[in-house]
file my_file35.cif (mmCIF, C-alpha atoms)
data_query
loop_
_atom_site.label_atom_id
_atom_site.label_comp_id
_atom_site.auth_asym_id
_atom_site.auth_seq_id
_atom_site.Cartn_x
_atom_site.Cartn_y
_atom_site.Cartn_z
CA MET A 455 -105.81 42.87 -10.42
CA GLY A 456 -108.42 45.23 -8.99
CA SER A 457 -108.29 43.31 -5.73
CA MET A 458 -104.51 43.70 -5.58
CA ASN A 459 -104.75 47.42 -6.33
CA SER A 460 -107.34 47.87 -3.57
CA TRP A 461 -105.16 45.93 -1.12
CA THR A 462 -102.14 48.07 -2.03
CA GLU A 463 -104.15 51.26 -1.50
CA ALA A 464 -105.36 50.01 1.88
CA MET A 465 -101.84 49.06 3.01
CA ARG A 466 -100.35 52.38 1.89
CA ALA A 467 -103.10 54.19 3.79
CA GLY A 468 -102.50 52.13 6.92
CA ASP A 469 -106.10 50.84 6.70
CA PHE A 470 -105.16 47.33 7.77
CA ALA A 471 -108.69 46.16 8.56
CA ARG A 472 -109.67 46.83 4.93
CA ALA A 473 -106.49 45.16 3.65
CA TRP A 474 -107.22 41.99 5.64
CA ALA A 475 -110.86 41.94 4.46
CA ILE A 476 -109.63 42.05 0.84
CA ALA A 477 -107.09 39.30 1.63
CA ASP A 478 -109.90 37.20 3.15
CA ARG A 479 -111.79 37.31 -0.15
CA ASP A 480 -108.67 36.28 -2.07
CA LEU A 481 -108.10 33.45 0.41
CA ALA A 482 -111.61 32.09 -0.09
CA ALA A 483 -111.04 32.03 -3.85
CA LEU A 484 -108.04 29.71 -3.44
CA ALA A 485 -110.32 26.94 -2.11
CA ALA A 486 -108.40 23.67 -1.95
CA ALA A 487 -105.58 24.48 -4.39
CA PRO A 488 -102.33 22.69 -3.43
CA LYS A 489 -99.97 24.67 -1.23
CA HIS A 490 -96.46 23.69 -2.14
CA THR A 491 -96.30 23.73 -5.94
CA GLY A 492 -94.73 26.18 -8.37
CA PRO A 493 -92.15 28.89 -7.67
CA ARG A 494 -91.87 29.50 -3.96
CA HIS A 495 -92.26 33.27 -4.14
CA LEU A 496 -95.68 32.75 -5.79
CA GLN A 497 -96.95 30.14 -3.34
CA ARG A 498 -99.83 30.94 -0.97
CA ILE A 499 -99.13 28.90 2.15
CA TRP A 500 -101.58 29.94 4.85
CA ARG A 501 -105.17 29.00 4.01
CA GLY A 502 -106.94 30.29 7.09
CA GLU A 503 -105.88 27.54 9.50
CA GLU A 504 -106.12 28.26 13.22
CA LEU A 505 -102.79 29.36 14.71
CA ALA A 506 -103.75 29.44 18.38
CA ASN A 507 -101.71 27.00 20.48
CA LYS A 508 -100.16 25.45 17.35
CA ARG A 509 -96.57 24.75 16.40
CA VAL A 510 -96.22 27.27 13.56
CA LEU A 511 -93.61 27.03 10.81
CA VAL A 512 -92.88 30.40 9.17
CA ARG A 513 -91.49 29.99 5.65
CA CYS A 514 -89.37 32.88 4.28
CA TYR A 515 -89.92 32.54 0.53
CA HIS A 516 -89.28 36.12 -0.57
CA GLY A 517 -86.26 38.42 -0.43
CA LEU A 518 -83.93 39.21 2.45
CA GLY A 519 -85.55 42.61 2.89
CA ASP A 520 -89.01 41.05 3.04
CA THR A 521 -87.89 38.70 5.79
CA ILE A 522 -86.33 41.54 7.78
CA GLN A 523 -89.43 43.73 7.40
CA PHE A 524 -91.87 41.04 8.52
CA LEU A 525 -89.83 39.75 11.45
CA ARG A 526 -91.57 42.52 13.43
CA PHE A 527 -94.64 40.26 13.61
CA MET A 528 -92.96 37.31 15.32
CA PRO A 529 -93.59 38.47 18.92
CA ALA A 530 -97.31 38.91 18.18
CA LEU A 531 -97.46 35.53 16.44
CA ARG A 532 -95.79 33.84 19.42
CA MET A 533 -98.42 35.31 21.76
CA ILE A 534 -100.95 33.18 19.86
CA ALA A 535 -98.92 30.11 18.86
CA ARG A 536 -97.43 27.39 21.04
CA SER A 537 -94.10 27.80 19.23
CA VAL A 538 -92.71 29.67 16.23
CA THR A 539 -90.05 28.15 13.98
CA VAL A 540 -88.66 30.43 11.27
CA TRP A 541 -87.26 28.70 8.18
CA CYS A 542 -85.19 31.56 6.78
CA GLN A 543 -82.29 32.49 4.53
CA ALA A 544 -79.08 31.18 6.10
CA GLU A 545 -77.36 34.57 6.15
CA LEU A 546 -80.17 35.97 8.33
CA LEU A 547 -80.00 33.24 11.00
CA PRO A 548 -77.82 35.28 13.44
CA LEU A 549 -80.46 38.04 13.38
CA VAL A 550 -83.60 35.89 13.32
CA GLU A 551 -82.62 33.73 16.29
CA ARG A 552 -82.39 36.91 18.41
CA ILE A 553 -85.93 38.08 17.57
CA GLU A 554 -88.40 37.99 20.45
CA GLY A 555 -90.94 35.23 19.94
CA VAL A 556 -88.81 33.02 17.69
CA SER A 557 -88.53 29.58 19.28
CA LEU A 558 -86.19 28.18 16.64
CA ALA A 559 -84.53 29.48 13.46
CA ILE A 560 -83.37 26.98 10.82
CA PRO A 561 -81.70 27.53 7.43
CA LEU A 562 -83.86 27.55 4.31
CA HIS A 563 -83.03 25.07 1.52
CA ASP A 564 -84.71 23.58 -1.53
CA GLY A 565 -86.08 20.47 0.19
CA ALA A 566 -88.67 19.97 2.92
CA PRO A 567 -88.12 21.57 6.34
CA CYS A 568 -86.48 19.27 8.88
CA THR A 569 -88.79 20.15 11.74
CA GLU A 570 -92.22 19.20 13.03
CA PHE A 571 -95.09 21.67 12.82
CA ASP A 572 -98.88 21.84 12.93
CA VAL A 573 -99.48 24.83 10.65
CA ASP A 574 -97.27 26.58 8.09
CA ILE A 575 -97.40 30.14 6.80
CA GLU A 576 -95.25 32.41 4.62
CA ILE A 577 -93.75 35.27 6.62
CA MET A 578 -95.49 37.96 4.55
CA GLU A 579 -98.86 36.31 5.30
CA VAL A 580 -98.42 36.62 9.08
CA PRO A 581 -99.92 40.12 9.57
CA HIS A 582 -103.09 39.04 7.76
CA ALA A 583 -103.32 35.83 9.78
CA ILE A 584 -102.94 37.60 13.13
CA ARG A 585 -105.11 40.58 12.07
CA ALA A 586 -102.28 42.99 12.80
CA GLY A 587 -103.39 46.50 13.67
CA PRO A 588 -101.45 49.78 13.63
CA ALA A 589 -99.77 49.14 16.99
CA THR A 590 -98.28 45.87 15.68
CA VAL A 591 -97.31 47.19 12.25
CA GLU A 592 -96.02 50.63 13.21
CA ILE A 593 -93.23 49.67 15.58
CA ARG A 594 -91.56 52.90 16.72
CA ALA A 595 -88.45 51.31 18.25
CA PRO A 596 -85.74 49.17 16.59
CA TYR A 597 -86.67 45.47 16.62
CA LEU A 598 -83.43 43.95 15.32
CA THR A 599 -80.35 43.47 17.49
CA LEU A 600 -76.88 42.50 16.32
CA PRO A 601 -74.62 39.84 17.79
CA ALA A 602 -70.94 40.69 18.07
CA SER A 603 -69.05 40.17 14.84
CA SER A 604 -65.37 39.46 14.27
CA LEU A 605 -65.71 41.49 11.08
CA SER A 606 -67.33 44.47 12.78
CA SER A 607 -63.97 45.55 14.20
CA GLN A 608 -63.36 47.02 10.72
CA LEU A 609 -63.98 50.54 11.99
CA LEU A 610 -64.45 53.38 9.57
CA GLU A 611 -61.55 55.75 9.09
CA GLN A 612 -62.05 58.75 11.30
CA ARG A 613 -61.92 61.41 8.60
CA GLY A 614 -64.30 63.79 10.31
CA GLY A 615 -67.36 65.24 8.64
CA LEU A 616 -70.42 63.28 7.58
CA SER A 617 -69.96 59.57 6.78
CA VAL A 618 -72.42 58.36 4.13
CA GLY A 619 -72.92 54.77 2.96
CA LEU A 620 -74.13 54.14 -0.60
CA VAL A 621 -76.10 51.33 -2.28
CA TRP A 622 -77.14 51.93 -5.89
CA GLU A 623 -77.95 48.57 -7.42
CA VAL A 624 -80.55 45.84 -6.84
CA GLY A 625 -80.90 42.24 -7.97
CA ALA A 626 -82.72 41.20 -11.12
CA TRP A 627 -86.19 41.57 -9.57
CA ASP A 628 -86.86 45.18 -10.66
CA LYS A 629 -83.99 47.03 -12.33
CA ARG A 630 -86.01 50.27 -12.32
CA ARG A 631 -84.90 50.56 -8.69
CA SER A 632 -81.20 50.89 -9.60
CA VAL A 633 -79.47 54.28 -9.83
CA PRO A 634 -76.51 54.91 -12.18
CA PRO A 635 -73.56 55.12 -9.76
CA ALA A 636 -72.03 58.02 -11.68
CA LEU A 637 -74.86 60.20 -10.32
CA LEU A 638 -73.82 59.40 -6.75
CA ARG A 639 -70.49 61.18 -7.28
CA ARG A 640 -72.50 64.37 -6.77
CA LEU A 641 -73.15 63.43 -3.14
CA GLY A 642 -69.49 63.75 -2.13
CA GLY A 643 -67.67 66.97 -1.38
CA ASP A 644 -66.41 69.09 1.45
CA GLY A 645 -67.42 67.66 4.82
CA ARG A 646 -68.84 64.45 3.32
CA THR A 647 -67.09 61.08 3.02
CA LEU A 648 -68.72 58.42 0.86
CA TYR A 649 -68.50 54.67 1.49
CA SER A 650 -69.75 51.88 -0.78
CA LEU A 651 -71.90 49.22 0.86
CA GLN A 652 -72.83 47.73 -2.53
CA ARG A 653 -72.65 43.95 -2.16
CA GLY A 654 -70.37 42.48 -4.80
CA GLY A 655 -69.37 45.96 -5.89
CA GLY A 656 -72.22 46.18 -8.41
CA ALA A 657 -72.04 45.81 -12.18
CA GLU A 658 -70.90 49.45 -12.30
CA ARG A 659 -68.49 50.41 -9.55
CA LEU A 660 -67.61 53.71 -7.95
CA PRO A 661 -63.87 54.47 -7.95
CA GLU A 662 -62.15 54.34 -4.56
CA THR A 663 -61.41 58.04 -5.02
CA VAL A 664 -65.17 58.66 -4.88
CA ALA A 665 -66.34 56.08 -2.32
CA ARG A 666 -64.23 53.75 -0.21
CA ASP A 667 -65.47 50.17 -0.60
CA ILE A 668 -66.39 48.77 2.83
CA SER A 669 -68.96 46.28 1.52
CA THR A 670 -69.32 42.83 3.03
CA PRO A 671 -71.52 39.81 2.28
CA ASP A 672 -71.85 39.23 6.05
CA ILE A 673 -75.15 40.81 7.12
CA VAL A 674 -74.18 41.07 10.79
CA ALA A 675 -70.98 42.92 9.85
CA LEU A 676 -73.01 45.06 7.44
CA GLY A 677 -75.36 45.98 10.26
CA HIS A 678 -72.42 47.06 12.43
CA LEU A 679 -71.06 49.20 9.58
CA ILE A 680 -74.45 50.87 9.07
CA ARG A 681 -74.48 51.72 12.77
CA GLN A 682 -71.06 53.38 12.48
CA LEU A 683 -72.10 55.55 9.53
CA ASP A 684 -73.99 58.80 10.02
CA LEU A 685 -76.52 57.67 7.43
CA VAL A 686 -77.01 55.46 4.38
CA ILE A 687 -78.33 56.51 0.97
CA CYS A 688 -79.73 53.44 -0.77
CA VAL A 689 -82.15 52.19 -3.36
CA ASP A 690 -85.14 50.00 -2.44
CA THR A 691 -83.24 46.92 -1.35
CA MET A 692 -82.38 44.85 1.72
CA VAL A 693 -80.11 47.56 3.17
CA ALA A 694 -83.08 49.93 3.55
CA HIS A 695 -84.90 47.33 5.66
CA LEU A 696 -81.80 46.46 7.67
CA ALA A 697 -81.15 50.11 8.49
CA GLY A 698 -84.80 50.73 9.36
CA ALA A 699 -85.12 47.64 11.55
CA LEU A 700 -81.95 48.68 13.43
CA GLY A 701 -83.30 52.21 13.87
CA CYS A 702 -80.45 53.69 11.80
CA GLU A 703 -80.90 56.69 9.55
CA ALA A 704 -81.20 56.09 5.82
CA GLY A 705 -82.46 57.89 2.74
CA VAL A 706 -84.28 55.56 0.34
CA LEU A 707 -84.36 56.39 -3.37
CA LEU A 708 -87.66 55.27 -4.91
CA HIS A 709 -88.64 55.06 -8.56
CA ALA A 710 -91.92 56.62 -9.72
CA ASP A 711 -93.89 53.35 -9.55
CA CYS A 712 -92.55 52.25 -6.18
CA ASP A 713 -93.37 49.03 -4.38
CA TRP A 714 -96.61 48.70 -2.37
CA ARG A 715 -94.86 49.03 0.98
CA TRP A 716 -93.84 52.63 0.34
CA PRO A 717 -96.21 55.62 -0.01
CA ILE A 718 -96.41 57.06 -3.52
CA SER A 719 -95.41 60.47 -2.15
CA GLY A 720 -94.07 61.97 1.05
CA ALA A 721 -90.81 61.56 2.93
CA HIS A 722 -91.96 59.21 5.71
CA THR A 723 -93.22 55.65 6.14
CA PHE A 724 -94.94 54.10 9.14
CA TRP A 725 -92.85 50.95 8.62
CA TYR A 726 -89.58 52.62 9.64
CA PRO A 727 -89.44 55.96 11.51
CA SER A 728 -85.69 56.37 10.85
CA LEU A 729 -86.01 56.31 7.05
CA ARG A 730 -86.50 59.31 4.78
CA LEU A 731 -87.93 58.68 1.32
CA PHE A 732 -86.90 60.41 -1.90
CA HIS A 733 -89.29 59.86 -4.83
CA GLN A 734 -88.72 60.14 -8.57
CA ARG A 735 -90.96 62.81 -10.05
CA THR A 736 -90.50 61.47 -13.59
CA ALA A 737 -90.17 57.73 -14.29
CA GLY A 738 -86.56 56.82 -15.00
CA VAL A 739 -85.13 60.24 -14.08
CA TRP A 740 -82.90 60.24 -11.01
CA ASP A 741 -81.11 63.60 -11.40
CA ASP A 742 -83.56 65.67 -9.36
CA VAL A 743 -83.75 62.92 -6.71
CA ILE A 744 -79.98 62.97 -6.29
CA GLU A 745 -79.99 66.78 -6.15
CA GLU A 746 -82.58 66.65 -3.35
CA VAL A 747 -80.36 64.21 -1.43
CA ARG A 748 -77.29 66.39 -2.08
CA GLN A 749 -79.05 69.42 -0.64
CA MET A 750 -80.09 67.40 2.42
CA LEU A 751 -76.50 66.24 3.01
CA PHE A 752 -75.17 69.77 2.52
CA GLY A 753 -77.65 71.02 5.12
CA ARG A 754 -76.53 68.32 7.55
CA VAL A 755 -72.88 69.34 7.15
CA GLU A 756 -73.73 73.00 7.71
CA LEU A 757 -75.69 72.17 10.87
CA ARG A 758 -72.79 70.13 12.20
CA ARG A 759 -70.34 72.94 11.51
CA ARG A 760 -72.49 75.46 13.36
CA ALA A 761 -72.90 73.08 16.30
CA GLY A 762 -69.15 72.36 16.38
#

call {"tool": "encode", "arguments": {"input": "my_file35.cif", "output": "structure tokens"}}
result
Amino acid sequence: MGSMNSWTEAMRAGDFARAWAIADRDLAALAAAPKHTGPRHLQRIWRGEELANKRVLVRCYHGLGDTIQFLRFMPALRMIARSVTVWCQAELLPLVERIEGVSLAIPLHDGAPCTEFDVDIEIMEVPHAIRAGPATVEIRAPYLTLPASSLSSQLLEQRGGLSVGLVWEVGAWDKRRSVPPALLRRLGGDGRTLYSLQRGGGAERLPETVARDISTPDIVALGHLIRQLDLVICVDTMVAHLAGALGCEAGVLLHADCDWRWPISGAHTFWYPSLRLFHQRTAGVWDDVIEEVRQMLFGRVELRRRAG
């Protein structure tokens, strides 16, 4: 556990050389343990094998947001490898196949991959394997592009004012990340129009009178919608990564014990320059976080009015 805490501290500090040194020690401790047994999200795939001039299979065994976040390393991996095949969640295929450095993208399933490879690696292990430094991690420009979508013609109503997308619920992984949707009612008001991007509507819904539901299970269409909005306010979920990778503005609501990829304080992250972070001050209490967001939105509306 101490090793994991030290790695987390190193990653949050952007001290990647120290993070990889800690990961090296963990890797040595694995010895010859079998690769492909147990739950996929717990499997350690890369065991230090050489990647240079190899056909590399990248397995995407974590969440959609994890895949999106770590796609930034595919161009650097391809500079080393002979080819890069990404075995990813089917709904991400239209995005992954457009990433620089990806030779082939194939849909993930429960069986064995139907492709030949020399070395395999889980996508979140890639930065360690390629010894990624700040220039590779801290990409300042958007690295995802969107194909055209038949669903993306669903343009937002031109109501004027600030258009704000909302996501308040996460999957079962860590329910502490979810925000009661009733709190998000406070974000609406004069000069602000709220839209729900919550996939499946969420267990608790926002009435249409509060937020118009424009959600879609199609990630390409979702990306186009995010681009049309002025900004998104979301919890720590895939939408935060999608917005950040597209270079779109989003405010991310983080619980007090946030995930390792976010700093424990401060409004900015080197992972995504277009994101602004809002942290809980007290575990489980979202009211002051939502008030901070409300004040930010109010300020944006006032600036727009003065400029107009």

call {"tool": "resolve_selection", "arguments": {"input": "my_file35.cif", "expression": "the PyMOL selection byres ((chain A and resi 593) around 12)", "output": "JSON, numbers by chain"}}
result
{"A": [523, 524, 525, 526, 527, 529, 530, 586, 587, 588, 589, 590, 591, 592, 594, 595, 596, 597, 598, 698, 699, 700, 701, 723, 724, 725, 726, 727, 728]}

call {"tool": "resolve_selection", "arguments": {"input": "my_file35.cif", "expression": "the PyMOL selection byres ((chain A and resi 495-503) around 7)", "output": "list in words"}}
result
Leu481, Lys489, His490, Thr491, Gly492, Pro493, Arg494, Glu504, Leu505, Tyr515, His516, Asp574, Ile575, Glu576 and Glu579 of chain A

call {"tool": "atom_distance", "arguments": {"input": "my_file35.cif", "atom1": "CA of Glu554 in chain A", "atom2": "CA of Ala675 in chain A"}}
result
21.0 Å

call {"tool": "closest_residue", "arguments": {"input": "my_file35.cif", "among": "A:Leu676, A:Arg509, A:Lys629, A:Ala761", "to": "Cys712 in chain A", "atoms": "only C-alpha atoms"}}
result
A:Lys629

call {"tool": "residues_around", "arguments": {"input": "my_file35.cif", "residues": "Leu600 in chain A", "least_positions_apart": "3", "cutoff": "9 Å", "atoms": "all atoms listed in the file", "output": "number ranges by chain"}}
result
A: 548-549, 552, 603, 674-675, 677-678, 700

call {"tool": "residues_around", "arguments": {"input": "my_file35.cif", "residues": "Trp716 in chain A", "least_positions_apart": "5", "cutoff": "12 Å", "atoms": "only C-alpha atoms", "output": "ChimeraX atom specification"}}
result
/A:462-468,690,694-695,706-711,721-726,729-733

call {"tool": "closest_residue", "arguments": {"input": "my_file35.cif", "among": "A:Arg640, A:Arg735, A:Arg715, A:Arg513", "to": "Leu562 in chain A", "atoms": "all atoms listed in the file"}}
result
A:Arg513

call {"tool": "closest_atom_pairs", "arguments": {"input": "my_file35.cif", "of": "range 627-704 of chain A", "to": "range 736-748 of chain A", "cutoff": "10 Å", "atoms": "only C-alpha atoms", "output": "Markdown table"}}
result
| residue | atom | partner | partner_atom | distance |
| --- | --- | --- | --- | --- |
| A:Arg630 | CA | A:Gly738 | CA | 7.1 |
| A:Arg631 | CA | A:Gly738 | CA | 9.0 |
| A:Ser632 | CA | A:Trp740 | CA | 9.6 |
| A:Val633 | CA | A:Trp740 | CA | 7.0 |
| A:Pro634 | CA | A:Trp740 | CA | 8.4 |
| A:Leu637 | CA | A:Ile744 | CA | 7.1 |
| A:Leu638 | CA | A:Ile744 | CA | 7.1 |
| A:Arg639 | CA | A:Ile744 | CA | 9.7 |
| A:Arg640 | CA | A:Arg748 | CA | 7.0 |
| A:Leu641 | CA | A:Arg748 | CA | 5.2 |
| A:Gly642 | CA | A:Arg748 | CA | 8.2 |
| A:Gly643 | CA | A:Arg748 | CA | 9.7 |
| A:Ile687 | CA | A:Val747 | CA | 8.3 |

call {"tool": "resolve_selection", "arguments": {"input": "my_file35.cif", "expression": "the PyMOL selection byres ((chain A and resi 568) around 12)", "output": "list in words"}}
result
Leu511, Thr539, Val540, Trp541, Leu558, Ala559, Ile560, Pro561, Leu562, His563, Asp564, Gly565, Ala566, Pro567, Thr569, Glu570 and Phe571 of chain A

call {"tool": "write_last_selection", "arguments": {"input": "my_file35.cif", "atoms": "C-alpha atoms", "output": "PDB file, in the coordinates of the input"}}
result
ATOM      1  CA  LEU A 511     -93.610  27.030  10.810  1.00  0.00           C
ATOM      2  CA  THR A 539     -90.050  28.150  13.980  1.00  0.00           C
ATOM      3  CA  VAL A 540     -88.660  30.430  11.270  1.00  0.00           C
ATOM      4  CA  TRP A 541     -87.260  28.700   8.180  1.00  0.00           C
ATOM      5  CA  LEU A 558     -86.190  28.180  16.640  1.00  0.00           C
ATOM      6  CA  ALA A 559     -84.530  29.480  13.460  1.00  0.00           C
ATOM      7  CA  ILE A 560     -83.370  26.980  10.820  1.00  0.00           C
ATOM      8  CA  PRO A 561     -81.700  27.530   7.430  1.00  0.00           C
ATOM      9  CA  LEU A 562     -83.860  27.550   4.310  1.00  0.00           C
ATOM     10  CA  HIS A 563     -83.030  25.070   1.520  1.00  0.00           C
ATOM     11  CA  ASP A 564     -84.710  23.580  -1.530  1.00  0.00           C
ATOM     12  CA  GLY A 565     -86.080  20.470   0.190  1.00  0.00           C
ATOM     13  CA  ALA A 566     -88.670  19.970   2.920  1.00  0.00           C
ATOM     14  CA  PRO A 567     -88.120  21.570   6.340  1.00  0.00           C
ATOM     15  CA  THR A 569     -88.790  20.150  11.740  1.00  0.00           C
ATOM     16  CA  GLU A 570     -92.220  19.200  13.030  1.00  0.00           C
ATOM     17  CA  PHE A 571     -95.090  21.670  12.820  1.00  0.00           C
TER      18      PHE A 571
END

call {"tool": "closest_residue", "arguments": {"input": "my_file35.cif", "among": "A:Glu658, A:His582, A:Cys702, A:Gly753", "to": "Arg472 in chain A", "atoms": "all atoms listed in the file"}}
result
A:His582

call {"tool": "residues_near_point", "arguments": {"input": "my_file35.cif", "point": "(-69.8, 56.5, -4.5)", "cutoff": "10 Å", "atoms": "only C-alpha atoms", "output": "VMD selection string"}}
result
chain A and resid 618 to 622 635 to 642 647 to 652 659 to 667

call {"tool": "atom_distance", "arguments": {"input": "my_file35.cif", "atom1": "CA of Arg585 in chain A", "atom2": "CA of Glu703 in chain A"}}
result
29.2 Å

call {"tool": "axis_aligned_box", "arguments": {"input": "my_file35.cif", "around": "range 632-640 of chain A", "padding_each_side": "5 Å", "output": "AutoDock Vina command-line options"}}
result
--center_x -75.8 --center_y 57.6 --center_z -9.5 --size_x 20.7 --size_y 23.5 --size_z 15.4

call {"tool": "decode", "arguments": {"input": "my_file35.cif", "residues": "range 717-734 of chain A", "atoms": "N, CA, C and O atoms", "output": "mmCIF file, in the first residue's frame"}}
result
data_model
loop_
_atom_site.group_PDB
_atom_site.id
_atom_site.type_symbol
_atom_site.label_atom_id
_atom_site.label_comp_id
_atom_site.auth_asym_id
_atom_site.auth_seq_id
_atom_site.Cartn_x
_atom_site.Cartn_y
_atom_site.Cartn_z
ATOM 1 N N PRO A 717 -5.242 16.303 -8.848
ATOM 2 C CA PRO A 717 -4.573 16.840 -7.656
ATOM 3 C C PRO A 717 -5.563 16.902 -6.492
ATOM 4 O O PRO A 717 -6.773 16.984 -6.704
ATOM 5 N N ILE A 718 -5.049 16.871 -5.269
ATOM 6 C CA ILE A 718 -5.952 16.884 -4.113
ATOM 7 C C ILE A 718 -6.456 18.300 -3.823
ATOM 8 O O ILE A 718 -7.378 18.471 -3.023
ATOM 9 N N SER A 719 -5.885 19.292 -4.466
ATOM 10 C CA SER A 719 -6.377 20.661 -4.343
ATOM 11 C C SER A 719 -5.988 21.414 -5.618
ATOM 12 O O SER A 719 -5.184 20.937 -6.413
ATOM 13 N N GLY A 720 -6.569 22.574 -5.784
ATOM 14 C CA GLY A 720 -6.249 23.383 -6.964
ATOM 15 C C GLY A 720 -7.236 23.152 -8.085
ATOM 16 O O GLY A 720 -7.883 22.108 -8.180
ATOM 17 N N ALA A 721 -7.336 24.144 -8.963
ATOM 18 C CA ALA A 721 -8.360 24.131 -10.015
ATOM 19 C C ALA A 721 -7.874 23.530 -11.327
ATOM 20 O O ALA A 721 -8.687 23.331 -12.241
ATOM 21 N N HIS A 722 -6.589 23.213 -11.433
ATOM 22 C CA HIS A 722 -6.054 22.803 -12.741
ATOM 23 C C HIS A 722 -5.339 21.455 -12.671
ATOM 24 O O HIS A 722 -4.851 21.034 -11.622
ATOM 25 N N THR A 723 -5.294 20.764 -13.828
ATOM 26 C CA THR A 723 -4.611 19.494 -13.954
ATOM 27 C C THR A 723 -3.777 19.486 -15.229
ATOM 28 O O THR A 723 -4.245 19.969 -16.272
ATOM 29 N N PHE A 724 -2.568 18.952 -15.126
ATOM 30 C CA PHE A 724 -1.713 18.904 -16.326
ATOM 31 C C PHE A 724 -2.240 17.929 -17.368
ATOM 32 O O PHE A 724 -1.825 17.963 -18.518
ATOM 33 N N TRP A 725 -3.176 17.046 -16.988
ATOM 34 C CA TRP A 725 -3.721 16.100 -17.960
ATOM 35 C C TRP A 725 -4.556 16.818 -19.021
ATOM 36 O O TRP A 725 -4.513 16.452 -20.198
ATOM 37 N N TYR A 726 -5.342 17.814 -18.598
ATOM 38 C CA TYR A 726 -6.286 18.464 -19.510
ATOM 39 C C TYR A 726 -6.334 19.968 -19.226
ATOM 40 O O TYR A 726 -6.961 20.396 -18.257
ATOM 41 N N PRO A 727 -5.718 20.789 -20.065
ATOM 42 C CA PRO A 727 -5.714 22.237 -19.823
ATOM 43 C C PRO A 727 -7.098 22.875 -19.835
ATOM 44 O O PRO A 727 -7.289 23.925 -19.220
ATOM 45 N N SER A 728 -8.072 22.268 -20.524
ATOM 46 C CA SER A 728 -9.393 22.897 -20.659
ATOM 47 C C SER A 728 -10.332 22.583 -19.500
ATOM 48 O O SER A 728 -11.459 23.072 -19.471
ATOM 49 N N LEU A 729 -9.889 21.774 -18.542
ATOM 50 C CA LEU A 729 -10.742 21.432 -17.405
ATOM 51 C C LEU A 729 -10.455 22.349 -16.211
ATOM 52 O O LEU A 729 -9.325 22.751 -15.982
ATOM 53 N N ARG A 730 -11.506 22.615 -15.453
ATOM 54 C CA ARG A 730 -11.377 23.320 -14.175
ATOM 55 C C ARG A 730 -11.939 22.406 -13.087
ATOM 56 O O ARG A 730 -13.040 21.860 -13.242
ATOM 57 N N LEU A 731 -11.198 22.245 -12.015
ATOM 58 C CA LEU A 731 -11.561 21.292 -10.969
ATOM 59 C C LEU A 731 -12.203 22.016 -9.784
ATOM 60 O O LEU A 731 -11.772 23.091 -9.382
ATOM 61 N N PHE A 732 -13.236 21.369 -9.233
ATOM 62 C CA PHE A 732 -13.938 21.877 -8.059
ATOM 63 C C PHE A 732 -13.929 20.774 -6.999
ATOM 64 O O PHE A 732 -14.531 19.718 -7.194
ATOM 65 N N HIS A 733 -13.249 21.012 -5.890
ATOM 66 C CA HIS A 733 -13.026 19.985 -4.874
ATOM 67 C C HIS A 733 -13.988 20.122 -3.697
ATOM 68 O O HIS A 733 -14.241 21.240 -3.224
ATOM 69 N N GLN A 734 -14.473 18.978 -3.190
ATOM 70 C CA GLN A 734 -15.165 18.973 -1.902
ATOM 71 C C GLN A 734 -14.199 19.406 -0.803
ATOM 72 O O GLN A 734 -13.060 18.947 -0.761
#
